[in-house]
Each structure stands twice: as C-alpha cells, then as structure tokens.
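Colleague: Take this structure, written in structure tokens, and hold onto it; I'll ask about it next.
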Amino acid sequence: SFEGHSVRLLGQKKDNGKRLGGARLDLPKIRKNPLIEIISINTGCLNACTYCKTKHARGDLASYPIEELVDRTKQSFQEGVCEIWLTSEDTGAYGRDIGTDLPTLLWKLVEAIPEGAMLRLGMTNPPYILEHLEEMAKILNHPRVYAFLHIPVQSASDSMLMDMKREYCVADFKQVVDFLKEKVPGITIATDIICGFPGETDEDFQETMKLVEQYRFPSLFINQFYPRPGTPAAKMHQVPAAVKKQRTKDLSHLFHSYNPYDHKVGERQRVLVTEESFDSNYYVAHNPFYEQVLVPKDPLLMGKMVEVYIYEAGKHFMKGRPVSDARVYTASITRPLAKGEVSGLTEEFRRAAQNDTNGKAHPSAEMPVKTPLSSWMALQLPWQQEGGGLKILSVSVAVLAVLVMFYYGGMKTEL
C-alpha cells in the first residue's frame, strides 16, 4: 500500500540460476517525497545474526550492477530529485558477490551528482567497512556527500557480540569510528543498541553505557530485545522483562542527558531543504553532516541549497534562517514530479499518457502535461493505439495473470 509505504516485489532477476538482486531498478514507481530518490544497492547480507528475521526473507547478498545504479541516479536528477539515499541491509558488503566494492560504486555515483544535490549513504556493519576506511573517508569528505554513516554496534560487550554472531568485536567498531572522526571532521555517526539480549549481564550493559558516554552519538536507535520466533536468539535464556525495560530506560536517560548541537548556535551552515516538518510550521533541511535544521516555510527554499544562520538548538535539530547574502543553489533545472506522480516512465508511455490526457482536458500551454497515477493506471498502451479494440479490462486480466504466475511460481518476495 502507498499509505503505509510498503513495497511488494514480484519476481527476481537471475543469471544461470544466480540471484542478481530484487526488483529491476528501472521500474516506474511513486516517490513518497518527489525530491528524494531511495535506491537499494543490494538485497540480502553476508551475516547470520542470531536475532535477525530479515535474513530469512531476503537471503544472501545480491548486488545491483554499478551501471544500473548510476543510470537510476541520473534519471532521478532528470526528474527533479535533489537528494539520493542509498539503502541496504549492509552497504559495506556491496559488490562482494559481483567482483566490485562500495568505494568503486560511490566514486561513479559522485560523478553523476549535480551541484546543489546530495548523496546520503545507508547502514553499514563494521566488518565490511574496515578494509575500505581510507577510501570511505575521502568519499565522505566530498562536498556532495553527507558526512554521515549509520554503523550499528548493538552492544559494547564482546561476549554479547559473539552470541549475536555479529562477526566483529568492540575494538573493530571503535577503530572505524575513531578513524572516520579523525579523517572526516564533524562526521555524524549514528548507531543502534539492543538492550537485554539473552545472557546480557549488568557488566555487559555497563560496557554499552560507557561506549555511549564516550562517543555521545547524536543519533541513537535504542531497541528493547524482542525474541523473533524461529531465530536462534529466541531459544536462548531470556533476560527478565523488567530488567530489559529498566536497561532501555537507563540508556534512553543517558542519551537525553547531552545536547549534541548546542555548540553550533551562531554558525553559518549550508543546508539542503527537502521536506516539511511534522507540525507543518517549518521546512526541514540538512547540513553537510546530515544534521536536521528547521528553516522558515518559504516555498522558494524547497528543493534548494541555501546558507543559514543557526540561532537555536534542540536535542534533535537546529533552527536556522537564511543569511542576507545567501546564494540559493538549485540542484536540477527540471521541475520535480508532482506528489503521487509516477517516476521512471519511458517516453513512449509518457506520450501515450499525454494523448490520453489531452483527449479529456485542455491543460495550459505553458504547463508540461504530467502523468498522475490515475491516468497511468488507464494508459493507452502501444498495441491499443491503432485498432483500439483492446480495452483496459483485458490489460488488467493480463496483468493479473502475470502476477498469479509469479506467485505460484514461488518467486514472490515481500520487502
């Protein structure tokens, strides 16, 4: 459903029986935010974490080819997007199955990013990013890449990490974070913590508290352990519910005891404006470290990069106002797609949609005709154009037949 933003993927690409990834990247889709393109660079992962259910659904690592990812990126900017998010269960493992690696992909993507647009990297587990640290630091210092990385640690106890089968130790995590903090000044490191994993002692938990105290992560995802049926961790000796709850509360209290942005009040920052705040009082922008900056609701700022003066800071955000001599950068000369408009349609489909729309309405000559979802669902397809004998019902039946075939062919994966 588009309401809940869930995506259903039917069928998978294979080459001589080898899985190549999820859905094709060039399929039409509707962006939740017309300014942000979310691109999955691979599906599955190489780990076998004892608490994880996702591995059951998505299987082993399957990376998309670099050229497909670059093409999708270029197409997105041609459709008015100004920010790309790369997603993956483990960004750092990208390419290990197809003979390439993450830095190689990122250098190619960076070439495709226009001035005024930004790239945000996704989550990476410590083991696979370790060998790419030098190159990753260079990429994260690039002016069109957010100096931001999400690296889940889950626990600061090596015995817990072993029981979780995380395939790294706390020293590995610290090496990654320390290196990036030194080489990428100001970088934002976000992390995840699981409270109350089976067998976690008070000493184990205190190690985690010390780690958070030491690094004061500005973004921390705290999860109270929940045993997922069918996972090895569900069969382990569980920590009492009251203890799990108390540890979650203690860690949350520690997290809220520090304010990471107070020292930034008075700074001038370059920010990219991409959405509206939940309370609709501000526009939401991000600075080069992907820190949230609330700016005035001026429609001229949406989708633009602008310099602001930081006048206030909260726990999760800063507030800024454009400086008087601010230059406003527009990432793309293309007008972004309207909300709910389908991206990635071929020219043939767009022409068919335009003909269909022109037959029913008379749009303004200055305004290019775009394709709302309702029109796209009832497109006049190429084989309909001459005889006109086939109706939309037959198309629907054909589509339904294909879906049923995929379903019963055992090729259905739900994301």
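Just remember, in the structure tokens the first chain shown is A, the second B, etc., residues are 1-based per chain, and ligands are 1-based in the order shown.
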Return as a PyMOL selection string the full set of residues in region 54-296 of chain A whose backbone-based DSSP assignment is strand (DSSP E or B).

Modeller: chain A and resi 60+62-63+83-87+118-120+123+145+148-150+154+188-195+219-224+268-276+283-286+292-295

Colleague: Give me, as JSON lines, each residue of region 258-301 of chain A that comes within 10 Å of region 168-189 of chain A, together with its shortest interatomic pair and the distance in Å at one decimal, counting only C-alpha atoms, with rows ordered by chain and rising residue number.

Modeller:
```
{"residue": "A:Pro288", "atom": "CA", "partner": "A:Ile187", "partner_atom": "CA", "distance": 8.8}
{"residue": "A:Phe289", "atom": "CA", "partner": "A:Thr188", "partner_atom": "CA", "distance": 5.8}
{"residue": "A:Tyr290", "atom": "CA", "partner": "A:Thr188", "partner_atom": "CA", "distance": 7.2}
{"residue": "A:Glu291", "atom": "CA", "partner": "A:Thr188", "partner_atom": "CA", "distance": 7.7}
```

Colleague: Mind writing the picked residues with N, CA, C and O atoms as a short mmCIF file (atom, residue, chain, number, x, y, z; two decimals), in the first residue's frame?

Modeller:
```
data_model
loop_
_atom_site.label_atom_id
_atom_site.label_comp_id
_atom_site.auth_asym_id
_atom_site.auth_seq_id
_atom_site.Cartn_x
_atom_site.Cartn_y
_atom_site.Cartn_z
N PRO A 288 25.75 19.68 5.93
CA PRO A 288 26.64 18.67 5.33
C PRO A 288 26.85 17.42 6.18
O PRO A 288 27.33 16.40 5.68
N PHE A 289 26.52 17.48 7.48
CA PHE A 289 26.68 16.32 8.37
C PHE A 289 25.35 15.59 8.58
O PHE A 289 25.22 14.79 9.51
N TYR A 290 24.39 15.87 7.74
CA TYR A 290 23.04 15.32 7.81
C TYR A 290 22.38 15.57 9.18
O TYR A 290 21.63 14.76 9.71
N GLU A 291 22.69 16.72 9.75
CA GLU A 291 22.01 17.14 10.98
C GLU A 291 20.79 17.96 10.57
O GLU A 291 20.84 18.73 9.60
#
```

Colleague: Where in region 71-292 of chain A does DSSP assign helix (DSSP H, G or I), given as JSON, numbers by chain?

Modeller: {"A": [71, 72, 73, 74, 75, 76, 77, 78, 91, 92, 93, 102, 103, 104, 105, 106, 107, 108, 109, 110, 111, 126, 127, 128, 129, 130, 131, 132, 133, 134, 135, 136, 137, 138, 139, 140, 158, 159, 160, 161, 162, 163, 164, 170, 171, 172, 173, 174, 175, 176, 177, 178, 179, 180, 181, 182, 183, 202, 203, 204, 205, 206, 207, 208, 209, 210, 211, 212, 213, 214, 215, 232, 233, 234, 235, 241, 242, 243, 244, 245, 246, 247, 248, 249, 250, 251, 252, 253, 254, 255, 262, 263, 264]}

Colleague: Tell me which protein, DNA and RNA residues are within 7 Å of region 326-338 of chain A, counting only C-alpha atoms, leaving out same-chain ones fewer than 5 positions away, and put them as number ranges by chain.

Modeller: A: 34-35, 77-82, 114-117, 304-307

Colleague: Would you kindly return, as a short mmCIF file (atom, residue, chain, number, x, y, z; two decimals) with all heavy atoms, in the first residue's frame, each protein, DNA or RNA residue with an atom no farther than 8 Å from any atom of Asp262 (chain A), considering only C-alpha atoms and excluding same-chain residues fewer than 5 positions away?

Modeller:
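The resulting file, out-v1.cif, is reproduced below:
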```
data_model
loop_
_atom_site.label_atom_id
_atom_site.label_comp_id
_atom_site.auth_asym_id
_atom_site.auth_seq_id
_atom_site.Cartn_x
_atom_site.Cartn_y
_atom_site.Cartn_z
N GLU A 312 19.25 28.66 17.13
CA GLU A 312 18.70 27.87 18.24
C GLU A 312 19.05 26.41 18.03
O GLU A 312 19.22 25.96 16.89
CB GLU A 312 17.17 28.05 18.28
CG GLU A 312 16.49 27.46 19.51
CD GLU A 312 14.97 27.64 19.46
OE1 GLU A 312 14.50 28.70 19.02
OE2 GLU A 312 14.26 26.70 19.86
N ALA A 313 19.16 25.65 19.13
CA ALA A 313 19.45 24.22 19.03
C ALA A 313 18.59 23.43 20.01
O ALA A 313 18.36 23.88 21.13
CB ALA A 313 20.93 23.95 19.29
N GLY A 314 18.12 22.27 19.58
CA GLY A 314 17.39 21.35 20.45
C GLY A 314 18.13 20.02 20.47
O GLY A 314 19.25 19.91 19.98
#
```

Colleague: Any idea what's packed within 12 Å of Gln206 (chain A), counting only C-alpha atoms, ignoring anything in its chain fewer than 2 positions away? Could you give it as a list of chain:residue names?

Modeller: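 Here the answer would be A:Ser155, A:Ala156, A:Ser157, A:Cys195, A:Gly196, A:Glu200, A:Thr201, A:Asp202, A:Glu203, A:Asp204, A:Thr208, A:Met209, A:Lys210, A:Leu211, A:Val212, A:Glu213, A:Arg247, A:Asp250, A:Leu251, A:Leu254.
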
Colleague: Could you name the residues that touch region 229-238 of chain A at 8 Å or less, counting only C-alpha atoms, but leaving out those on the same chain fewer than 3 positions away, as a list in words?

Modeller: Thr50, Tyr51, Cys52, Lys53, Met164, Phe197, Pro198 and Gly199 of chain A

Colleague: I need the residues from that last selection saved to file as a PDB file, in the first residue's frame (with all heavy atoms), if you can.

Modeller:
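Below is the file that was written, again11.pdb:
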```pdb
ATOM      1  N   THR A  50      21.982 -13.835  15.135  1.00  0.00           N
ATOM      2  CA  THR A  50      21.085 -14.797  15.777  1.00  0.00           C
ATOM      3  C   THR A  50      19.709 -14.222  16.114  1.00  0.00           C
ATOM      4  O   THR A  50      18.788 -14.975  16.409  1.00  0.00           O
ATOM      5  CB  THR A  50      21.731 -15.339  17.077  1.00  0.00           C
ATOM      6  OG1 THR A  50      22.122 -14.228  17.893  1.00  0.00           O
ATOM      7  CG2 THR A  50      22.945 -16.190  16.755  1.00  0.00           C
ATOM      8  N   TYR A  51      19.571 -12.873  16.074  1.00  0.00           N
ATOM      9  CA  TYR A  51      18.276 -12.259  16.418  1.00  0.00           C
ATOM     10  C   TYR A  51      17.492 -11.836  15.182  1.00  0.00           C
ATOM     11  O   TYR A  51      16.373 -11.346  15.283  1.00  0.00           O
ATOM     12  CB  TYR A  51      18.501 -11.018  17.308  1.00  0.00           C
ATOM     13  CG  TYR A  51      19.454 -10.010  16.717  1.00  0.00           C
ATOM     14  CD1 TYR A  51      19.026  -9.114  15.741  1.00  0.00           C
ATOM     15  CD2 TYR A  51      20.793  -9.976  17.113  1.00  0.00           C
ATOM     16  CE1 TYR A  51      19.916  -8.202  15.172  1.00  0.00           C
ATOM     17  CE2 TYR A  51      21.679  -9.073  16.557  1.00  0.00           C
ATOM     18  CZ  TYR A  51      21.229  -8.190  15.582  1.00  0.00           C
ATOM     19  OH  TYR A  51      22.106  -7.297  15.015  1.00  0.00           O
ATOM     20  N   CYS A  52      18.084 -12.009  13.988  1.00  0.00           N
ATOM     21  CA  CYS A  52      17.538 -11.381  12.784  1.00  0.00           C
ATOM     22  C   CYS A  52      16.585 -12.289  12.009  1.00  0.00           C
ATOM     23  O   CYS A  52      16.885 -13.447  11.746  1.00  0.00           O
ATOM     24  CB  CYS A  52      18.684 -10.948  11.871  1.00  0.00           C
ATOM     25  SG  CYS A  52      18.120 -10.115  10.387  1.00  0.00           S
ATOM     26  N   LYS A  53      15.454 -11.704  11.613  1.00  0.00           N
ATOM     27  CA  LYS A  53      14.463 -12.420  10.821  1.00  0.00           C
ATOM     28  C   LYS A  53      14.564 -12.016   9.344  1.00  0.00           C
ATOM     29  O   LYS A  53      14.105 -12.728   8.457  1.00  0.00           O
ATOM     30  CB  LYS A  53      13.062 -12.059  11.358  1.00  0.00           C
ATOM     31  CG  LYS A  53      11.964 -13.018  10.945  1.00  0.00           C
ATOM     32  CD  LYS A  53      11.982 -14.297  11.767  1.00  0.00           C
ATOM     33  CE  LYS A  53      10.736 -15.117  11.444  1.00  0.00           C
ATOM     34  NZ  LYS A  53      10.850 -16.512  11.863  1.00  0.00           N
ATOM     35  N   MET A 164      25.551 -12.850  19.500  1.00  0.00           N
ATOM     36  CA  MET A 164      24.721 -12.297  18.414  1.00  0.00           C
ATOM     37  C   MET A 164      25.239 -12.719  17.034  1.00  0.00           C
ATOM     38  O   MET A 164      24.570 -12.507  16.037  1.00  0.00           O
ATOM     39  CB  MET A 164      24.733 -10.761  18.473  1.00  0.00           C
ATOM     40  CG  MET A 164      24.036 -10.147  19.670  1.00  0.00           C
ATOM     41  SD  MET A 164      24.234  -8.330  19.615  1.00  0.00           S
ATOM     42  CE  MET A 164      23.424  -7.843  21.141  1.00  0.00           C
ATOM     43  N   PHE A 197      19.652  -8.342  25.435  1.00  0.00           N
ATOM     44  CA  PHE A 197      19.838  -9.543  24.618  1.00  0.00           C
ATOM     45  C   PHE A 197      20.045 -10.722  25.559  1.00  0.00           C
ATOM     46  O   PHE A 197      20.614 -10.578  26.647  1.00  0.00           O
ATOM     47  CB  PHE A 197      21.050  -9.362  23.696  1.00  0.00           C
ATOM     48  CG  PHE A 197      21.238 -10.481  22.711  1.00  0.00           C
ATOM     49  CD1 PHE A 197      20.490 -10.527  21.545  1.00  0.00           C
ATOM     50  CD2 PHE A 197      22.146 -11.508  22.972  1.00  0.00           C
ATOM     51  CE1 PHE A 197      20.642 -11.573  20.643  1.00  0.00           C
ATOM     52  CE2 PHE A 197      22.306 -12.561  22.071  1.00  0.00           C
ATOM     53  CZ  PHE A 197      21.553 -12.597  20.904  1.00  0.00           C
ATOM     54  N   PRO A 198      19.581 -11.930  25.164  1.00  0.00           N
ATOM     55  CA  PRO A 198      19.715 -13.102  26.054  1.00  0.00           C
ATOM     56  C   PRO A 198      21.130 -13.265  26.611  1.00  0.00           C
ATOM     57  O   PRO A 198      22.108 -13.198  25.859  1.00  0.00           O
ATOM     58  CB  PRO A 198      19.353 -14.277  25.132  1.00  0.00           C
ATOM     59  CG  PRO A 198      18.395 -13.685  24.157  1.00  0.00           C
ATOM     60  CD  PRO A 198      18.867 -12.287  23.928  1.00  0.00           C
ATOM     61  N   GLY A 199      21.206 -13.415  27.931  1.00  0.00           N
ATOM     62  CA  GLY A 199      22.502 -13.620  28.584  1.00  0.00           C
ATOM     63  C   GLY A 199      23.216 -12.342  28.962  1.00  0.00           C
ATOM     64  O   GLY A 199      24.280 -12.388  29.582  1.00  0.00           O
TER      65      GLY A 199
END
```

Colleague: In terms of the shortest atom-to-atom distance over only C-alpha atoms, which of A:Met318, A:Leu105, A:Val70, A:Ile98 is closest to His263 (chain A)?

Modeller: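 Nearest candidate to His263 (chain A) out of A:Met318, A:Leu105, A:Val70, A:Ile98: A:Met318.
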
Colleague: What's the separation between CA of Lys319 (chain A) and CA of Tyr146 (chain A), in Å to one decimal place?

Modeller: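 Computing it gives 18.8 Å between the two atoms.
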